[in-house]
Amino acid sequence: MSSALHFHYDFIPGEILDPETSAQRIALMKQVGVQTVWLDTYAYGNHLATPEQTLAAKQLLESNGFEVQALTVPVGHGGAALCGDKGDPGIPAHWQMRVNPFGQCMPYTCCVRDPAMIGESRAQAQALYGMGFTKLFFDDDLRVGPWGPSLQGCCCPACMQAFYTKYPQYAHLQAPEIFAAATPGDALWNAWSDVQCDAVLEFMQKTVPDGMTPGIMVMHNGDCRHGVDIARLKAAFPDLLVRVGELHFDDASFTQAGAKQSITQSIKAHLHALGNLQNAFSESTVYPENALSPENLVQKLGIEIQSGLRNLFLMSGFFFLAPPYWQAIAAARPELEALAQKEPLPDLCQDTTELVW
Ligand SMILES: [Zn+2]
């Protein structure tokens, strides 16, 4: 029977190269029906594998029938999310950190306009393209601010100059005045967001090699206020891939009142902005390790399918999902498949979405 679902998973190359666990991990992924593996090779200036390890993992996975593509975390991750309690290496000292309206640098995050960061991300993307990777997902901190409904953005000198150049009518306003005066949807809010969205688009234009298809992971409820304008990115990259934002990566948040509606509305907003389902991917993430139970992960997969998603993208930070997760998904696979065959797909023309924070 042909499958309506396409399972994806990501990990660093070293996770599949240990001879003691490699065969078992491949078998677990096969048991679920994972078709595409995204190798995470680079995180804000830190190389997570040598080119030799990356190629070895790619070849091993391809010889076992997987499609293999690439993933990077280009600008930072807003906290010690990358390594959990293992200690996060942070961003390189020579990069421009993101700056808040009061002139304070924000840990673990780089300005999306920083030329040094862009140059290093471009070099990594070109190296990956040279190894035969044709798709590259940028992790969800390719944005200008953290989760939340408030206005975000970088206020470093280069970003302020970009704003004043495009909107000279606001040249008399300092960053704190802009953030205090802007209200959702007004001219100042939209002007500030517009320049932030320019920065994310320019990052992609300067970084992605010709011939490579970029993807962006969009944070839960992420939109122009966070510098992410999906429609603008798609206009520049018609084949753009989007991992919709869902959050709720642990049992406590997933089981709280209103969680399902909050997940569903964010997915709908991002699908509407992208305008197609083929290039949309779920955010089926378990984080921290084991924080979302296998049962709740399966339930989340059901919500994603009901919302129209058919690319189910599993993720678990730097930890390979434990066997109970694979067993739970494999057991639920017929049920999930039936749901995907049965569910009417959403009408993406209708923008009736209100985000639930
Ligand atoms: Zn900046």
# chains A, B, ... in the order shown; residues from 1 in each chain; ligands from 1

$ select_by_dssp --residues "region 116-179 of chain A" --states "alpha helix (DSSP H)" --output "ChimeraX atom specification"
/A:116-130,157-166,175-179

$ closest_atom_pairs --of "chain A" --to "ligand 1" --cutoff "9 Å" --atoms "only C-alpha atoms and all ligand atoms" --output "tab-separated table"
residue	atom	partner	partner_atom_place_in_ligand_line	distance
A:Gln96	CA	ligand 1	1 (Zn)	7.2
A:Met97	CA	ligand 1	1 (Zn)	7.4
A:Arg98	CA	ligand 1	1 (Zn)	5.6
A:Val99	CA	ligand 1	1 (Zn)	6.5
A:Cys110	CA	ligand 1	1 (Zn)	7.8
A:Cys111	CA	ligand 1	1 (Zn)	4.2
A:Val112	CA	ligand 1	1 (Zn)	6.3
A:Arg113	CA	ligand 1	1 (Zn)	5.7
A:Asp114	CA	ligand 1	1 (Zn)	6.8
A:Val144	CA	ligand 1	1 (Zn)	8.6
A:Gly153	CA	ligand 1	1 (Zn)	7.8
A:Cys154	CA	ligand 1	1 (Zn)	4.4
A:Cys155	CA	ligand 1	1 (Zn)	5.5
A:Cys156	CA	ligand 1	1 (Zn)	4.2
A:Pro157	CA	ligand 1	1 (Zn)	6.7
A:Ala158	CA	ligand 1	1 (Zn)	5.6
A:Cys159	CA	ligand 1	1 (Zn)	4.3
A:Met160	CA	ligand 1	1 (Zn)	7.4
A:Ala199	CA	ligand 1	1 (Zn)	8.7

$ write_last_selection --atoms "N, CA and C atoms" --output "mmCIF file, in the first residue's frame"
data_model
loop_
_atom_site.group_PDB
_atom_site.id
_atom_site.type_symbol
_atom_site.label_atom_id
_atom_site.label_comp_id
_atom_site.auth_asym_id
_atom_site.auth_seq_id
_atom_site.Cartn_x
_atom_site.Cartn_y
_atom_site.Cartn_z
ATOM 1 N N GLN A 96 28.737 39.245 15.987
ATOM 2 C CA GLN A 96 27.936 40.303 16.605
ATOM 3 C C GLN A 96 26.721 39.664 17.279
ATOM 4 N N MET A 97 26.654 39.754 18.585
ATOM 5 C CA MET A 97 25.492 39.203 19.284
ATOM 6 C C MET A 97 24.259 40.059 18.988
ATOM 7 N N ARG A 98 23.097 39.422 19.079
ATOM 8 C CA ARG A 98 21.862 40.187 18.955
ATOM 9 C C ARG A 98 21.765 41.142 20.144
ATOM 10 N N VAL A 99 21.264 42.335 19.874
ATOM 11 C CA VAL A 99 21.217 43.381 20.898
ATOM 12 C C VAL A 99 19.760 43.783 21.127
ATOM 13 N N CYS A 110 23.016 35.363 17.638
ATOM 14 C CA CYS A 110 23.790 36.247 16.777
ATOM 15 C C CYS A 110 22.833 37.137 15.987
ATOM 16 N N CYS A 111 23.309 38.330 15.676
ATOM 17 C CA CYS A 111 22.563 39.199 14.761
ATOM 18 C C CYS A 111 22.490 38.501 13.398
ATOM 19 N N VAL A 112 21.294 38.456 12.809
ATOM 20 C CA VAL A 112 21.116 37.770 11.522
ATOM 21 C C VAL A 112 21.877 38.485 10.402
ATOM 22 N N ARG A 113 22.232 39.756 10.638
ATOM 23 C CA ARG A 113 22.974 40.513 9.616
ATOM 24 C C ARG A 113 24.501 40.378 9.737
ATOM 25 N N ASP A 114 24.987 39.715 10.744
ATOM 26 C CA ASP A 114 26.431 39.716 11.004
ATOM 27 C C ASP A 114 27.209 39.107 9.835
ATOM 28 N N VAL A 144 14.612 36.780 14.647
ATOM 29 C CA VAL A 144 15.240 37.910 15.346
ATOM 30 C C VAL A 144 14.800 38.050 16.798
ATOM 31 N N GLY A 153 13.450 42.030 17.611
ATOM 32 C CA GLY A 153 14.390 42.513 16.618
ATOM 33 C C GLY A 153 15.735 42.815 17.212
ATOM 34 N N CYS A 154 16.716 42.940 16.341
ATOM 35 C CA CYS A 154 18.067 43.263 16.771
ATOM 36 C C CYS A 154 18.276 44.776 16.666
ATOM 37 N N CYS A 155 18.881 45.334 17.707
ATOM 38 C CA CYS A 155 19.102 46.775 17.762
ATOM 39 C C CYS A 155 20.595 47.111 17.742
ATOM 40 N N CYS A 156 21.382 46.239 17.123
ATOM 41 C CA CYS A 156 22.810 46.548 16.986
ATOM 42 C C CYS A 156 22.954 47.719 16.000
ATOM 43 N N PRO A 157 24.110 48.360 15.961
ATOM 44 C CA PRO A 157 24.266 49.523 15.074
ATOM 45 C C PRO A 157 23.888 49.236 13.614
ATOM 46 N N ALA A 158 24.285 48.066 13.088
ATOM 47 C CA ALA A 158 23.982 47.764 11.679
ATOM 48 C C ALA A 158 22.479 47.622 11.452
ATOM 49 N N CYS A 159 21.795 47.010 12.412
ATOM 50 C CA CYS A 159 20.346 46.830 12.249
ATOM 51 C C CYS A 159 19.609 48.160 12.398
ATOM 52 N N MET A 160 20.036 49.007 13.322
ATOM 53 C CA MET A 160 19.402 50.320 13.457
ATOM 54 C C MET A 160 19.632 51.136 12.184
ATOM 55 N N ALA A 199 16.179 41.099 6.941
ATOM 56 C CA ALA A 199 17.440 40.515 7.410
ATOM 57 C C ALA A 199 17.436 38.999 7.253
#

$ residues_around --residues "Asp229 (chain A)" --least-positions-apart "6" --cutoff "10 Å" --atoms "only C-alpha atoms" --output "JSON, numbers by chain"
{"A": [143, 193, 194, 196, 197, 198, 200, 201, 218, 222, 223, 270, 273, 274]}

$ closest_atom_pairs --of "region 48-154 of chain A" --to "region 236-258 of chain A" --cutoff "10 Å" --atoms "only C-alpha atoms" --output "Markdown table"
| residue | atom | partner | partner_atom | distance |
| --- | --- | --- | --- | --- |
| A:Lys135 | CA | A:Leu241 | CA | 8.8 |
| A:Leu136 | CA | A:Leu241 | CA | 8.9 |
| A:Phe137 | CA | A:Leu241 | CA | 7.6 |
| A:Phe138 | CA | A:Val242 | CA | 9.5 |
| A:Asp139 | CA | A:Arg243 | CA | 9.0 |
| A:Asp140 | CA | A:Arg243 | CA | 8.5 |
| A:Trp147 | CA | A:Leu247 | CA | 9.7 |

$ write_last_selection --atoms "C-alpha atoms" --output "CSV table (one decimal), in the first residue's frame"
chain,number,residue,atom,x,y,z
A,135,LYS,CA,18.3,20.5,0.7
A,136,LEU,CA,19.3,22.5,3.8
A,137,PHE,CA,17.0,23.2,6.7
A,138,PHE,CA,17.9,26.1,8.9
A,139,ASP,CA,16.9,25.6,12.5
A,140,ASP,CA,14.3,27.8,14.1
A,147,TRP,CA,8.8,33.2,21.4

$ closest_residue --among "A:Leu5, A:Pro324, A:Gly90, A:Gly185" --to "Leu301 (chain A)" --atoms "only C-alpha atoms"
A:Leu5

$ residues_around --residues "Phe11 (chain A)" --least-positions-apart "2" --cutoff "10 Å" --atoms "only C-alpha atoms" --output "mmCIF file with N, CA and C atoms, in the first residue's frame"
data_model
loop_
_atom_site.group_PDB
_atom_site.id
_atom_site.type_symbol
_atom_site.label_atom_id
_atom_site.label_comp_id
_atom_site.auth_asym_id
_atom_site.auth_seq_id
_atom_site.Cartn_x
_atom_site.Cartn_y
_atom_site.Cartn_z
ATOM 1 N N TYR A 9 13.712 12.395 10.174
ATOM 2 C CA TYR A 9 14.351 12.445 11.494
ATOM 3 C C TYR A 9 15.707 13.116 11.330
ATOM 4 N N PRO A 13 25.922 13.409 12.668
ATOM 5 C CA PRO A 13 26.491 12.238 11.994
ATOM 6 C C PRO A 13 27.038 11.174 12.940
ATOM 7 N N GLY A 14 27.655 11.612 14.059
ATOM 8 C CA GLY A 14 28.250 10.650 14.981
ATOM 9 C C GLY A 14 27.252 9.673 15.581
ATOM 10 N N GLU A 15 25.965 10.054 15.591
ATOM 11 C CA GLU A 15 24.944 9.203 16.201
ATOM 12 C C GLU A 15 24.706 7.894 15.445
ATOM 13 N N ILE A 16 25.174 7.850 14.211
ATOM 14 C CA ILE A 16 24.910 6.655 13.401
ATOM 15 C C ILE A 16 26.205 5.920 13.056
ATOM 16 N N VAL A 37 16.614 11.262 6.366
ATOM 17 C CA VAL A 37 17.392 11.674 7.537
ATOM 18 C C VAL A 37 18.058 13.009 7.211
ATOM 19 N N TRP A 38 17.957 13.948 8.150
ATOM 20 C CA TRP A 38 18.591 15.262 8.004
ATOM 21 C C TRP A 38 19.784 15.283 8.959
ATOM 22 N N LEU A 39 20.975 15.353 8.409
ATOM 23 C CA LEU A 39 22.189 15.332 9.234
ATOM 24 C C LEU A 39 22.512 16.743 9.722
ATOM 25 N N ASP A 40 22.582 16.867 11.041
ATOM 26 C CA ASP A 40 22.868 18.149 11.686
ATOM 27 C C ASP A 40 24.391 18.270 11.801
ATOM 28 N N THR A 41 24.965 19.180 11.043
ATOM 29 C CA THR A 41 26.424 19.213 10.918
ATOM 30 C C THR A 41 27.085 20.457 11.505
ATOM 31 N N ALA A 70 20.524 17.852 4.726
ATOM 32 C CA ALA A 70 21.338 18.558 5.724
ATOM 33 C C ALA A 70 20.527 19.554 6.547
ATOM 34 N N LEU A 71 21.060 19.839 7.719
ATOM 35 C CA LEU A 71 20.420 20.763 8.658
ATOM 36 C C LEU A 71 21.524 21.512 9.396
ATOM 37 N N LEU A 314 10.441 14.126 12.924
ATOM 38 C CA LEU A 314 10.811 13.814 14.300
ATOM 39 C C LEU A 314 12.128 14.498 14.644
ATOM 40 N N MET A 315 12.224 14.959 15.897
ATOM 41 C CA MET A 315 13.469 15.588 16.338
ATOM 42 C C MET A 315 13.601 15.379 17.842
ATOM 43 N N SER A 316 14.846 15.249 18.299
ATOM 44 C CA SER A 316 15.046 15.002 19.736
ATOM 45 C C SER A 316 16.363 15.598 20.214
ATOM 46 N N GLY A 317 16.679 16.789 19.751
ATOM 47 C CA GLY A 317 17.915 17.430 20.181
ATOM 48 C C GLY A 317 19.114 16.586 19.820
ATOM 49 N N PHE A 318 20.010 16.439 20.762
ATOM 50 C CA PHE A 318 21.206 15.633 20.512
ATOM 51 C C PHE A 318 21.062 14.202 21.013
ATOM 52 N N PHE A 319 19.866 13.800 21.361
ATOM 53 C CA PHE A 319 19.645 12.459 21.878
ATOM 54 C C PHE A 319 18.890 11.636 20.841
ATOM 55 N N PHE A 320 19.391 10.451 20.557
ATOM 56 C CA PHE A 320 18.658 9.565 19.641
ATOM 57 C C PHE A 320 17.440 9.039 20.393
ATOM 58 N N LEU A 321 16.283 9.118 19.770
ATOM 59 C CA LEU A 321 15.059 8.674 20.437
ATOM 60 C C LEU A 321 15.212 7.239 20.938
#

$ atom_distance --atom1 "CA of Gln261 (chain A)" --atom2 "CA of Pro344 (chain A)"
18.2 Å

$ select_by_dssp --residues "region 153-282 of chain A" --states "strand (DSSP E)" --output "number ranges by chain"
A: 213-217, 241-243, 280-281
